[in-house]
>>> print(open('protein.csv').read())   # CSV, C-alpha atoms and all ligand atoms
chain,number,residue,atom,x,y,z
A,79,MET,CA,0.0,0.0,0.0
A,80,THR,CA,2.8,2.4,0.9
A,81,ASN,CA,4.6,1.9,-2.3
A,82,THR,CA,5.0,5.6,-2.8
A,83,LYS,CA,7.3,5.8,0.3
A,84,SER,CA,10.9,5.2,-0.2
A,85,ILE,CA,12.5,6.6,2.9
A,86,ASP,CA,16.3,6.6,3.0
A,87,PRO,CA,17.2,4.2,5.9
A,88,GLU,CA,19.8,6.6,7.1
A,89,ALA,CA,17.0,9.1,7.9
A,90,ASP,CA,15.3,6.5,10.1
A,91,CYS,CA,15.1,8.3,13.5
A,92,GLU,CA,13.2,5.7,15.5
A,93,ASP,CA,16.1,5.4,18.0
A,94,PHE,CA,16.5,9.1,18.6
A,95,ALA,CA,15.0,11.4,21.2
A,96,MET,CA,12.2,13.9,20.3
A,97,ALA,CA,14.5,16.9,19.8
A,98,THR,CA,16.6,15.0,17.3
A,99,ARG,CA,13.5,13.6,15.5
A,100,LEU,CA,12.2,17.1,15.1
A,101,VAL,CA,15.3,18.2,13.2
A,102,HIS,CA,16.2,15.0,11.3
A,103,GLY,CA,13.1,12.8,11.1
A,104,GLY,CA,12.0,11.8,7.7
A,105,THR,CA,14.7,13.6,5.8
A,106,LEU,CA,15.0,12.4,2.2
A,107,ARG,CA,18.1,13.6,0.3
A,108,SER,CA,18.1,14.0,-3.4
A,109,GLN,CA,21.2,13.2,-5.5
A,110,PHE,CA,22.6,16.7,-4.7
A,111,ASN,CA,22.9,15.9,-1.0
A,112,GLU,CA,21.3,19.2,0.2
A,113,THR,CA,21.5,20.1,3.9
A,114,SER,CA,18.1,21.6,4.2
A,115,GLU,CA,15.1,19.6,3.0
A,116,ALA,CA,14.2,20.2,-0.7
A,117,LEU,CA,10.9,21.5,-1.9
A,118,PHE,CA,9.7,19.3,-4.7
A,119,LEU,CA,7.2,21.6,-6.4
A,120,THR,CA,6.0,19.1,-8.9
A,121,GLN,CA,2.6,17.7,-9.8
A,122,GLY,CA,3.9,14.5,-11.4
A,123,TYR,CA,6.8,12.2,-12.0
A,124,VAL,CA,8.3,10.7,-15.1
A,125,TYR,CA,9.0,7.0,-15.6
A,126,ASP,CA,12.1,5.5,-17.2
A,127,SER,CA,10.0,3.1,-19.3
A,128,ALA,CA,6.5,2.0,-20.0
A,129,GLU,CA,7.2,-1.1,-18.0
A,130,GLN,CA,8.2,1.0,-15.0
A,131,ALA,CA,5.0,3.1,-15.2
A,132,GLU,CA,3.0,-0.2,-15.3
A,133,ARG,CA,4.9,-1.5,-12.2
A,134,ARG,CA,4.2,1.7,-10.3
A,135,PHE,CA,0.5,1.6,-11.0
A,136,LYS,CA,0.3,-2.0,-10.0
A,137,ASN,CA,2.0,-1.3,-6.7
A,138,GLU,CA,4.9,-3.6,-7.7
A,139,GLU,CA,7.6,-1.0,-7.3
A,140,PRO,CA,8.0,1.9,-4.8
A,141,GLY,CA,8.1,5.4,-6.2
A,142,TYR,CA,6.0,8.5,-6.8
A,143,GLN,CA,3.1,8.8,-9.4
A,144,TYR,CA,1.2,12.0,-8.8
A,145,SER,CA,1.3,14.6,-6.0
A,146,ARG,CA,-2.4,14.1,-5.1
A,147,PHE,CA,-1.3,10.7,-3.9
A,148,SER,CA,2.1,11.6,-2.5
A,149,ASN,CA,5.1,13.9,-3.0
A,150,PRO,CA,8.7,13.6,-1.5
A,151,THR,CA,8.4,16.9,0.5
A,152,VAL,CA,5.0,15.8,1.8
A,153,THR,CA,6.5,12.4,2.7
A,154,MET,CA,9.2,14.1,4.7
A,155,PHE,CA,6.6,16.1,6.7
A,156,GLU,CA,4.4,13.0,7.2
A,157,GLU,CA,7.3,10.9,8.4
A,158,ARG,CA,8.6,13.6,10.8
A,159,MET,CA,5.1,13.9,12.3
A,160,ARG,CA,4.8,10.1,12.5
A,161,LEU,CA,8.0,9.9,14.5
A,162,LEU,CA,6.9,12.8,16.8
A,163,GLU,CA,3.6,11.2,17.5
A,164,GLY,CA,4.7,7.6,17.9
A,165,ALA,CA,2.2,6.5,15.3
A,166,GLU,CA,2.5,3.7,12.8
A,167,GLU,CA,1.4,5.8,9.8
A,168,SER,CA,0.5,9.3,8.9
A,169,ARG,CA,-1.0,11.4,6.0
A,170,ALA,CA,-0.9,15.1,5.6
A,171,THR,CA,-3.9,17.1,4.4
A,172,ALA,CA,-4.6,20.6,3.0
A,173,THR,CA,-6.1,21.9,6.3
A,174,GLY,CA,-6.9,20.8,9.8
A,175,MET,CA,-10.6,20.5,8.7
A,176,ALA,CA,-9.6,18.3,5.7
A,177,ALA,CA,-7.8,16.1,8.3
A,178,VAL,CA,-10.9,15.9,10.6
A,179,THR,CA,-13.4,15.4,7.7
A,180,SER,CA,-11.2,12.7,6.1
A,181,ALA,CA,-10.5,10.9,9.4
A,182,LEU,CA,-14.2,10.6,10.0
A,183,LEU,CA,-15.6,10.0,6.5
A,184,CYS,CA,-13.0,7.5,5.4
A,185,TYR,CA,-14.1,5.2,8.2
A,186,LEU,CA,-17.8,5.8,8.7
A,187,LYS,CA,-20.8,4.7,6.5
A,188,ALA,CA,-24.6,5.2,6.5
A,189,GLY,CA,-26.1,3.5,9.6
A,190,ASP,CA,-23.1,4.2,11.8
A,191,HIS,CA,-23.3,6.2,15.0
A,192,VAL,CA,-20.7,8.7,16.4
A,193,VAL,CA,-20.3,9.9,20.0
A,194,ALA,CA,-18.5,13.3,20.2
A,195,SER,CA,-17.7,15.9,22.8
A,196,ALA,CA,-19.9,19.0,22.5
A,197,ALA,CA,-17.0,21.2,23.4
A,198,MET,CA,-15.3,21.4,20.0
A,199,PHE,CA,-13.9,23.7,17.4
A,200,GLY,CA,-16.9,25.1,15.5
A,201,SER,CA,-16.2,23.5,12.2
A,202,CYS,CA,-15.6,20.1,13.8
A,203,ARG,CA,-19.1,20.4,15.4
A,204,TYR,CA,-20.5,21.2,11.9
A,205,VAL,CA,-19.0,18.0,10.5
A,206,VAL,CA,-20.4,15.8,13.3
A,207,GLU,CA,-23.8,17.6,13.8
A,208,ASP,CA,-24.7,18.7,10.3
A,209,LEU,CA,-22.6,16.9,7.7
A,210,CYS,CA,-22.5,13.3,9.1
A,211,PRO,CA,-26.4,13.1,9.5
A,212,ARG,CA,-26.8,14.1,5.8
A,213,PHE,CA,-25.1,10.8,4.9
A,214,GLY,CA,-27.0,8.7,7.4
A,215,ILE,CA,-24.4,8.8,10.1
A,216,SER,CA,-26.1,9.7,13.4
A,217,ALA,CA,-24.2,11.5,16.2
A,218,THR,CA,-24.7,12.1,19.9
A,219,LEU,CA,-22.9,15.1,21.5
A,220,VAL,CA,-22.0,14.6,25.2
A,221,ASP,CA,-20.3,16.5,27.9
A,222,GLY,CA,-16.8,15.1,27.2
A,223,SER,CA,-15.5,15.7,30.6
A,224,ASN,CA,-18.0,13.3,32.1
A,225,VAL,CA,-16.7,9.7,31.4
A,226,ASP,CA,-20.1,8.2,32.2
A,227,ALA,CA,-21.8,10.3,29.5
A,228,TRP,CA,-19.7,8.5,26.9
A,229,GLU,CA,-20.7,5.1,28.2
A,230,GLU,CA,-24.4,6.1,28.3
A,231,ALA,CA,-24.3,7.5,24.7
A,232,VAL,CA,-23.1,4.2,23.2
A,233,ARG,CA,-25.5,2.3,20.9
A,234,PRO,CA,-25.1,-1.0,19.1
A,235,ASN,CA,-24.0,0.8,16.0
A,236,THR,CA,-21.5,3.2,17.6
A,237,LYS,CA,-18.3,3.0,15.5
A,238,LEU,CA,-16.4,6.1,16.5
A,239,PHE,CA,-15.6,8.4,19.4
A,240,PHE,CA,-14.4,11.9,18.5
A,241,PHE,CA,-13.1,14.6,20.9
A,242,GLU,CA,-10.7,17.5,21.3
A,243,THR,CA,-8.7,17.9,24.5
A,244,PRO,CA,-8.1,20.5,25.7
A,245,ALA,CA,-11.1,21.9,23.9
A,246,ASN,CA,-11.6,25.2,22.3
A,247,PRO,CA,-12.1,27.7,23.8
A,248,THR,CA,-12.5,26.7,27.5
A,249,LEU,CA,-9.7,24.1,27.8
A,250,ALA,CA,-12.3,21.5,29.0
A,251,LEU,CA,-10.5,18.1,29.1
A,252,VAL,CA,-11.4,14.6,28.2
A,253,ASP,CA,-9.8,11.7,30.0
A,254,ILE,CA,-8.2,10.1,27.0
A,255,ALA,CA,-7.4,6.7,28.7
A,256,ALA,CA,-10.8,6.3,30.3
A,257,VAL,CA,-12.8,7.3,27.2
A,258,SER,CA,-10.6,5.3,24.8
A,259,ALA,CA,-11.1,2.2,27.0
A,260,ILE,CA,-14.8,2.4,26.6
A,261,ALA,CA,-14.4,2.7,22.8
A,262,LYS,CA,-12.0,-0.3,22.7
A,263,ARG,CA,-14.5,-2.4,24.7
A,264,ILE,CA,-17.3,-1.8,22.1
A,265,GLY,CA,-15.0,-2.0,19.1
A,266,ALA,CA,-15.2,1.7,18.2
A,267,VAL,CA,-12.3,3.8,17.0
A,268,THR,CA,-11.2,6.9,19.1
A,269,VAL,CA,-10.2,10.0,17.1
A,270,VAL,CA,-8.5,12.8,19.1
A,271,ASP,CA,-8.1,16.3,17.8
A,272,ASN,CA,-4.8,17.2,19.5
A,273,VAL,CA,-4.3,20.7,18.2
A,274,PHE,CA,-4.3,22.6,21.6
A,275,ALA,CA,-1.8,20.3,23.3
A,276,THR,CA,0.5,19.7,20.3
A,277,PRO,CA,2.6,16.4,20.2
A,278,MET,CA,5.0,18.1,22.6
A,279,LEU,CA,2.5,18.2,25.5
A,280,GLN,CA,0.3,15.2,24.9
A,281,ARG,CA,0.5,12.0,22.8
A,282,PRO,CA,-3.0,10.5,22.7
A,283,ILE,CA,-1.9,7.1,21.2
A,284,GLU,CA,0.1,6.5,24.4
A,285,HIS,CA,-3.1,6.8,26.4
A,286,GLY,CA,-5.1,4.4,24.2
A,287,ALA,CA,-6.5,6.6,21.3
A,288,ASP,CA,-6.4,5.1,17.8
A,289,VAL,CA,-6.2,8.2,15.6
A,290,VAL,CA,-4.8,11.7,16.1
A,291,VAL,CA,-5.6,14.7,14.0
A,292,TYR,CA,-3.9,18.1,13.8
A,293,SER,CA,-4.5,21.4,12.2
A,294,ALA,CA,-0.8,22.1,11.3
A,295,THR,CA,-2.0,25.7,10.7
A,296,LYS,CA,-1.6,26.3,14.4
A,297,HIS,CA,1.5,25.5,16.4
A,298,ILE,CA,3.1,23.3,13.8
A,299,ASP,CA,3.5,26.2,11.4
A,300,GLY,CA,3.5,28.5,14.4
A,301,GLN,CA,4.2,31.6,12.4
A,302,GLY,CA,0.8,32.2,10.9
A,303,ARG,CA,1.6,31.4,7.3
A,304,CYS,CA,0.2,28.2,5.8
A,305,LEU,CA,-2.8,26.0,6.2
A,306,GLY,CA,-2.2,22.3,6.7
A,307,GLY,CA,-3.4,19.2,8.6
A,308,VAL,CA,-2.2,15.7,9.6
A,309,VAL,CA,-3.9,12.4,10.4
A,310,LEU,CA,-1.9,9.7,12.3
A,311,GLY,CA,-2.9,6.2,13.3
A,312,SER,CA,-2.3,2.5,12.9
A,313,LYS,CA,-1.1,1.0,9.6
A,314,GLU,CA,-4.5,-0.7,9.3
A,315,TYR,CA,-6.6,2.5,9.7
A,316,ILE,CA,-4.4,4.6,7.4
A,317,ASN,CA,-3.8,1.9,4.7
A,318,ASP,CA,-7.2,0.3,4.7
A,319,HIS,CA,-9.3,3.5,5.1
A,320,LEU,CA,-7.6,6.9,4.9
A,321,HIS,CA,-5.1,6.2,2.2
A,322,THR,CA,-7.6,5.5,-0.6
A,323,PHE,CA,-10.0,8.2,0.6
A,324,ILE,CA,-7.3,10.9,0.4
A,325,ARG,CA,-5.9,9.6,-2.9
A,326,GLN,CA,-9.3,9.5,-4.6
A,327,THR,CA,-11.0,12.6,-3.1
A,328,GLY,CA,-8.0,14.9,-3.0
A,329,PRO,CA,-7.7,16.9,0.2
A,330,SER,CA,-4.0,16.8,-0.3
A,331,ILE,CA,-1.5,19.3,1.1
A,332,SER,CA,0.5,21.5,-1.3
A,333,PRO,CA,4.2,20.5,-1.3
A,334,PHE,CA,5.0,24.2,-0.5
A,335,ASN,CA,2.9,24.2,2.6
A,336,ALA,CA,4.3,20.8,3.6
A,337,TRP,CA,7.8,22.2,3.3
A,338,VAL,CA,6.9,25.2,5.5
A,339,MET,CA,5.5,22.8,8.1
A,340,LEU,CA,8.5,20.4,7.9
A,341,LYS,CA,11.0,23.3,8.5
A,342,SER,CA,8.8,24.6,11.3
A,343,LEU,CA,8.9,21.3,13.1
A,344,GLU,CA,12.6,21.9,13.7
A,345,THR,CA,11.7,24.6,16.3
A,346,LEU,CA,8.4,23.3,17.6
A,347,ALA,CA,9.8,22.1,20.9
A,348,LEU,CA,11.5,25.4,21.6
A,349,ARG,CA,8.5,27.5,20.6
A,350,VAL,CA,5.9,25.4,22.6
A,351,ARG,CA,8.2,25.4,25.7
A,352,ALA,CA,8.6,29.2,25.6
A,353,GLN,CA,4.9,29.8,24.9
A,354,CYS,CA,3.8,27.5,27.8
A,355,ASP,CA,6.2,29.2,30.2
A,356,THR,CA,4.9,32.7,29.3
A,357,ALA,CA,1.2,31.5,29.3
A,358,ALA,CA,1.6,29.9,32.8
A,359,ARG,CA,3.2,33.1,34.1
A,360,LEU,CA,0.6,35.4,32.5
A,361,ALA,CA,-2.3,33.2,33.8
A,362,ASP,CA,-1.0,33.7,37.4
A,363,HIS,CA,-0.5,37.4,36.8
A,364,LEU,CA,-4.0,37.9,35.4
A,365,VAL,CA,-5.6,36.1,38.4
A,366,GLY,CA,-4.5,38.9,40.7
A,367,LEU,CA,-5.9,41.8,38.6
A,368,SER,CA,-9.1,43.5,39.7
A,369,GLY,CA,-11.8,43.1,37.0
A,370,VAL,CA,-10.7,39.6,36.2
A,371,GLN,CA,-13.2,37.1,37.4
A,372,ARG,CA,-11.5,33.9,36.6
A,373,VAL,CA,-8.6,32.5,34.6
A,374,LEU,CA,-8.4,28.9,33.3
A,375,TYR,CA,-5.0,27.2,32.9
A,376,PRO,CA,-4.5,23.4,33.1
A,377,THR,CA,-1.4,23.4,35.4
A,378,ARG,CA,-2.9,25.8,38.0
A,379,ALA,CA,-4.2,24.1,41.1
A,380,ASP,CA,-7.6,25.8,40.7
A,381,PHE,CA,-8.2,24.3,37.2
A,382,PRO,CA,-11.4,22.3,37.5
A,383,GLN,CA,-9.7,19.2,35.9
A,384,ALA,CA,-6.2,19.6,37.3
A,385,GLU,CA,-5.9,15.9,37.9
A,386,VAL,CA,-6.8,14.9,34.3
A,387,ALA,CA,-4.3,17.5,33.1
A,388,LYS,CA,-1.5,16.1,35.3
A,389,LYS,CA,-2.3,12.5,34.1
A,390,GLN,CA,-2.1,13.2,30.4
A,391,MET,CA,-0.4,16.5,29.7
A,392,LYS,CA,3.2,17.6,30.0
A,393,GLY,CA,2.3,21.3,30.2
A,394,GLY,CA,-0.6,23.7,30.1
A,395,GLY,CA,-0.4,24.9,26.5
A,396,GLN,CA,-0.4,28.5,25.3
A,397,VAL,CA,-4.2,29.2,25.3
A,398,VAL,CA,-5.5,31.1,28.3
A,399,PRO,CA,-9.3,31.7,28.7
A,400,VAL,CA,-10.0,34.8,30.8
A,401,TYR,CA,-13.4,35.7,32.3
A,402,LEU,CA,-13.8,39.5,32.8
A,403,ASP,CA,-16.4,41.4,34.9
A,404,GLY,CA,-18.8,43.4,32.9
A,405,GLY,CA,-19.9,41.1,30.0
A,406,LYS,CA,-19.5,41.9,26.3
A,407,GLU,CA,-18.9,45.6,26.8
A,408,ALA,CA,-15.9,44.9,29.1
A,409,ALA,CA,-14.6,42.2,26.8
A,410,PHE,CA,-14.7,44.5,23.8
A,411,LYS,CA,-12.9,47.3,25.7
A,412,PHE,CA,-10.3,44.7,26.7
A,413,LEU,CA,-9.7,43.6,23.1
A,414,ASN,CA,-9.6,47.2,21.9
A,415,GLY,CA,-7.3,48.2,24.8
A,416,LEU,CA,-4.5,45.8,23.8
A,417,LYS,CA,-1.6,47.1,21.8
A,418,ILE,CA,0.8,44.1,21.3
A,419,ILE,CA,-1.8,41.3,21.4
A,420,LYS,CA,-3.7,41.3,18.1
A,421,ILE,CA,-7.4,40.6,17.7
A,422,SER,CA,-7.6,37.4,15.6
A,423,ASN,CA,-9.4,34.1,15.7
A,424,ASN,CA,-6.2,32.1,15.1
A,425,LEU,CA,-4.0,30.5,17.7
A,426,GLY,CA,-0.6,28.9,18.2
A,427,ASP,CA,1.1,31.8,16.4
A,428,ALA,CA,4.4,33.5,17.4
A,429,LYS,CA,2.3,36.6,17.7
A,430,SER,CA,0.0,36.8,20.7
A,431,LEU,CA,-3.6,36.9,19.7
A,432,VAL,CA,-7.0,37.4,21.4
A,433,THR,CA,-10.5,36.5,20.4
A,434,HIS,CA,-14.0,37.0,21.8
A,435,PRO,CA,-15.5,33.5,21.1
A,436,ALA,CA,-19.2,34.5,21.9
A,437,THR,CA,-19.3,37.0,18.9
A,438,THR,CA,-16.9,35.2,16.5
A,439,THR,CA,-15.8,31.5,16.6
A,440,HIS,CA,-18.9,30.4,18.6
A,441,GLN,CA,-21.5,32.9,17.4
A,442,ARG,CA,-23.2,30.1,15.4
A,443,LEU,CA,-24.3,28.4,18.6
A,444,THR,CA,-27.4,29.4,20.5
A,445,PRO,CA,-26.9,31.3,23.8
A,446,ASP,CA,-27.9,28.2,25.7
A,447,ALA,CA,-25.4,26.0,23.9
A,448,ARG,CA,-22.7,28.6,24.6
A,449,ALA,CA,-23.6,28.8,28.3
A,450,GLU,CA,-23.4,25.0,28.5
A,451,LEU,CA,-19.8,25.2,27.2
A,452,GLY,CA,-18.8,28.0,29.5
A,453,ILE,CA,-18.6,30.6,26.8
A,454,THR,CA,-19.9,33.8,28.4
A,455,ASP,CA,-20.1,37.3,27.0
A,456,GLY,CA,-17.3,38.4,29.3
A,457,MET,CA,-14.9,35.6,28.2
A,458,VAL,CA,-11.9,36.2,26.0
A,459,ARG,CA,-9.4,33.6,24.7
A,460,LEU,CA,-5.7,34.5,24.7
A,461,SER,CA,-3.2,32.7,22.5
A,462,ILE,CA,0.2,33.5,23.9
A,463,GLY,CA,3.1,34.0,21.5
A,464,LEU,CA,6.8,34.5,21.7
A,465,GLU,CA,7.0,38.1,22.7
A,466,ASP,CA,8.8,39.3,25.9
A,467,PRO,CA,6.6,38.1,28.8
A,468,ASP,CA,7.0,41.5,30.6
A,469,ASP,CA,5.7,43.4,27.6
A,470,LEU,CA,2.7,41.0,27.4
A,471,ALA,CA,2.0,41.4,31.1
A,472,ALA,CA,2.0,45.2,30.7
A,473,ASP,CA,-0.3,45.0,27.6
A,474,LEU,CA,-2.7,42.8,29.6
A,475,GLU,CA,-2.7,45.1,32.6
A,476,ARG,CA,-3.5,48.1,30.3
A,477,ALA,CA,-6.4,46.2,28.7
A,478,VAL,CA,-7.8,45.0,32.0
A,479,ARG,CA,-7.8,48.7,33.1
A,480,ALA,CA,-9.5,49.7,29.9
A,481,ALA,CA,-12.2,47.0,30.4
A,482,ARG,CA,-13.1,48.5,33.8
A,483,SER,CA,-13.3,52.1,32.5
A,501,LIG,C1,-8.0,25.3,13.8
A,501,LIG,C2,-8.5,24.1,14.3
A,501,LIG,C3,-9.1,23.1,13.4
A,501,LIG,C4,-9.2,23.4,11.9
A,501,LIG,O1,-8.0,23.6,11.3
A,501,LIG,P1,-7.8,24.4,9.9
A,501,LIG,O2,-6.4,24.2,9.6
A,501,LIG,O3,-8.2,25.8,10.2
A,501,LIG,O4,-8.7,23.8,9.0
A,501,LIG,C5,-9.6,22.0,14.0
A,501,LIG,N1,-9.5,21.7,15.3
A,501,LIG,C6,-9.0,22.6,16.1
A,501,LIG,C7,-9.0,22.3,17.6
A,501,LIG,C8,-8.5,23.8,15.7
A,501,LIG,O5,-8.0,24.7,16.6
>>> encode(input="protein.csv", output="structure tokens")
Amino acid sequence: MTNTKSIDPEADCEDFAMATRLVHGGTLRSQFNETSEALFLTQGYVYDSAEQAERRFKNEEPGYQYSRFSNPTVTMFEERMRLLEGAEESRATATGMAAVTSALLCYLKAGDHVVASAAMFGSCRYVVEDLCPRFGISATLVDGSNVDAWEEAVRPNTKLFFFETPANPTLALVDIAAVSAIAKRIGAVTVVDNVFATPMLQRPIEHGADVVVYSATKHIDGQGRCLGGVVLGSKEYINDHLHTFIRQTGPSISPFNAWVMLKSLETLALRVRAQCDTAARLADHLVGLSGVQRVLYPTRADFPQAEVAKKQMKGGGQVVPVYLDGGKEAAFKFLNGLKIIKISNNLGDAKSLVTHPATTTHQRLTPDARAELGITDGMVRLSIGLEDPDDLAADLERAVRAARS
């Protein structure tokens, strides 16, 4: 099945530690022996003979055929991600949503049932709540933090569990090991959207999950440039389900975007560590400011699911939800009072960003659905970047003062 992969055995990083894998994993050198990974900006590949073309199409010989199926730069990115995640196989996609949609639709069919966490990225909720039912795939949304709720939602035709942890935008957690164990018992596949944690802080497969999806658009690029996604899982899941789905339906990543992601992985560990350090420090700082009702951060002792965080995460991440006194008006004054931190619905960037979920990313939900998820009018979501922590603290203080004025 993986005939299009021809990884140089010298680049096999299985024995190396994470930092080394991030720099060397998956490297494929051309005949020019370049130091930095090459960008193969090509749609197709030529064959030495008609016989060779026939062998490639019959899967009798490894090699590339067409960049919708695979491309050497994309292969390098996929392999580096695979080594990082500790998965058997991986496929890159054009966006995070292409990864989510492919991961679900390649596996499910009419008559199947999905259980998913209600606290999810808006577009993921659309896929589960609106798109799947159009094709006869029913779905039940549960409070993902309640392990019993997963058990109770199971039906005889349940084929897949899907959740994001920490979830956007409140950082609600799902106990990966406990929920994956329920899925395993009933023969369902567990798919985890691991965007917020990144592979540096949480590796769901180690806790029993089957499939992990990423929006590489976020921390993996980390510099706000390209869209991309990745799906990782077992050989069986990727080769028997996802491989053909991607090959035939075409949510493939551009080699250029894959190259940007590949090079960004070299600094992922450094960036995530710095962002987590600053986010943890700013969370503590914000708690003490008047006008701030509540701050959520997974490594703080007052985090509602601190025990789950400790069990499955190596750090708190770089997203900080903040609840301000004074509702929407205060939240808007806060956003408008920031100078360094920019108003944007993105996250994981080197630039610190802020968004007001109730009026942007989650405006599609009814007020009741928002309230259930803890998205109030006074809540803002910070995505902490790589700026100087003192500059950011001063910016936040200024904005909190503006929110009270
Ligand atoms: C951004 C995001 C997505 C979608 O990724 P795109 O690259 O924007 O398509 C999916 N899940 C989560 C948790 C995200 O933050």
>>> residues_near_ligand(input="protein.csv", ligand="ligand LIG 501 (chain A)", cutoff="10 Å", atoms="all atoms listed in the file", output="ChimeraX atom specification")
/A:171-179,197-203,241-247,270-275,291-297,304-308,423-426
>>> atom_distance(input="protein.csv", atom1="atom CA of Arg99 of chain A", atom2="atom CA of Glu344 of chain A")
8.5 Å
>>> atom_distance(input="protein.csv", atom1="atom CA of Ala336 of chain A", atom2="atom CA of Gly104 of chain A")
12.5 Å
>>> closest_residue(input="protein.csv", among="A:Asp221, A:Glu465, A:Asp362, A:Glu139", to="Ala250 of chain A", atoms="all atoms listed in the file")
A:Asp221
>>> residues_around(input="protein.csv", residues="Ala165 of chain A", least_positions_apart="6", cutoff="12 Å", atoms="all atoms listed in the file", output="list in words")
Glu92, Glu156, Glu157, Arg158, Met159, Pro277, Arg281, Pro282, Ile283, Glu284, Gly286, Ala287, Asp288, Val289, Val290, Val291, Val308, Val309, Leu310, Gly311, Ser312, Lys313, Glu314, Tyr315 and Ile316 of chain A
>>> decode(input="protein.csv", residues="segment 106-123 of chain A", atoms="N, CA and C atoms", output="PDB file, in the first residue's frame")
ATOM      1  N   LEU A 106      14.701  13.116   3.408  1.00  0.00           N
ATOM      2  CA  LEU A 106      14.986  12.394   2.161  1.00  0.00           C
ATOM      3  C   LEU A 106      15.938  13.263   1.358  1.00  0.00           C
ATOM      4  N   ARG A 107      17.145  12.784   1.088  1.00  0.00           N
ATOM      5  CA  ARG A 107      18.076  13.633   0.327  1.00  0.00           C
ATOM      6  C   ARG A 107      18.043  13.271  -1.152  1.00  0.00           C
ATOM      7  N   SER A 108      18.086  14.292  -1.986  1.00  0.00           N
ATOM      8  CA  SER A 108      18.144  14.041  -3.429  1.00  0.00           C
ATOM      9  C   SER A 108      19.599  13.729  -3.807  1.00  0.00           C
ATOM     10  N   GLN A 109      19.857  13.559  -5.082  1.00  0.00           N
ATOM     11  CA  GLN A 109      21.220  13.246  -5.536  1.00  0.00           C
ATOM     12  C   GLN A 109      22.196  14.388  -5.286  1.00  0.00           C
ATOM     13  N   PHE A 110      21.669  15.586  -4.905  1.00  0.00           N
ATOM     14  CA  PHE A 110      22.558  16.730  -4.664  1.00  0.00           C
ATOM     15  C   PHE A 110      23.009  16.825  -3.204  1.00  0.00           C
ATOM     16  N   ASN A 111      22.472  15.958  -2.358  1.00  0.00           N
ATOM     17  CA  ASN A 111      22.879  15.940  -0.953  1.00  0.00           C
ATOM     18  C   ASN A 111      22.718  17.271  -0.238  1.00  0.00           C
ATOM     19  N   GLU A 112      21.602  17.938  -0.481  1.00  0.00           N
ATOM     20  CA  GLU A 112      21.339  19.224   0.160  1.00  0.00           C
ATOM     21  C   GLU A 112      21.236  19.058   1.681  1.00  0.00           C
ATOM     22  N   THR A 113      21.627  20.111   2.440  1.00  0.00           N
ATOM     23  CA  THR A 113      21.528  20.073   3.902  1.00  0.00           C
ATOM     24  C   THR A 113      20.074  20.225   4.321  1.00  0.00           C
ATOM     25  N   SER A 114      19.442  21.298   3.795  1.00  0.00           N
ATOM     26  CA  SER A 114      18.059  21.592   4.155  1.00  0.00           C
ATOM     27  C   SER A 114      17.125  20.841   3.208  1.00  0.00           C
ATOM     28  N   GLU A 115      16.021  20.382   3.742  1.00  0.00           N
ATOM     29  CA  GLU A 115      15.080  19.570   2.985  1.00  0.00           C
ATOM     30  C   GLU A 115      14.619  20.300   1.713  1.00  0.00           C
ATOM     31  N   ALA A 116      14.591  19.566   0.612  1.00  0.00           N
ATOM     32  CA  ALA A 116      14.230  20.161  -0.678  1.00  0.00           C
ATOM     33  C   ALA A 116      12.716  20.297  -0.818  1.00  0.00           C
ATOM     34  N   LEU A 117      12.339  21.347  -1.564  1.00  0.00           N
ATOM     35  CA  LEU A 117      10.927  21.549  -1.889  1.00  0.00           C
ATOM     36  C   LEU A 117      10.685  20.989  -3.286  1.00  0.00           C
ATOM     37  N   PHE A 118       9.958  19.883  -3.366  1.00  0.00           N
ATOM     38  CA  PHE A 118       9.656  19.264  -4.656  1.00  0.00           C
ATOM     39  C   PHE A 118       8.331  19.814  -5.164  1.00  0.00           C
ATOM     40  N   LEU A 119       8.436  20.956  -5.871  1.00  0.00           N
ATOM     41  CA  LEU A 119       7.229  21.610  -6.366  1.00  0.00           C
ATOM     42  C   LEU A 119       6.899  21.006  -7.735  1.00  0.00           C
ATOM     43  N   THR A 120       6.356  19.813  -7.682  1.00  0.00           N
ATOM     44  CA  THR A 120       6.011  19.112  -8.924  1.00  0.00           C
ATOM     45  C   THR A 120       4.672  18.407  -8.764  1.00  0.00           C
ATOM     46  N   GLN A 121       3.896  18.407  -9.864  1.00  0.00           N
ATOM     47  CA  GLN A 121       2.624  17.683  -9.827  1.00  0.00           C
ATOM     48  C   GLN A 121       2.849  16.205 -10.079  1.00  0.00           C
ATOM     49  N   GLY A 122       3.736  15.921 -11.019  1.00  0.00           N
ATOM     50  CA  GLY A 122       3.876  14.525 -11.440  1.00  0.00           C
ATOM     51  C   GLY A 122       5.321  14.061 -11.454  1.00  0.00           C
ATOM     52  N   TYR A 123       5.530  12.862 -11.976  1.00  0.00           N
ATOM     53  CA  TYR A 123       6.829  12.190 -11.988  1.00  0.00           C
ATOM     54  C   TYR A 123       6.958  11.466 -13.312  1.00  0.00           C
TER      55      TYR A 123
END
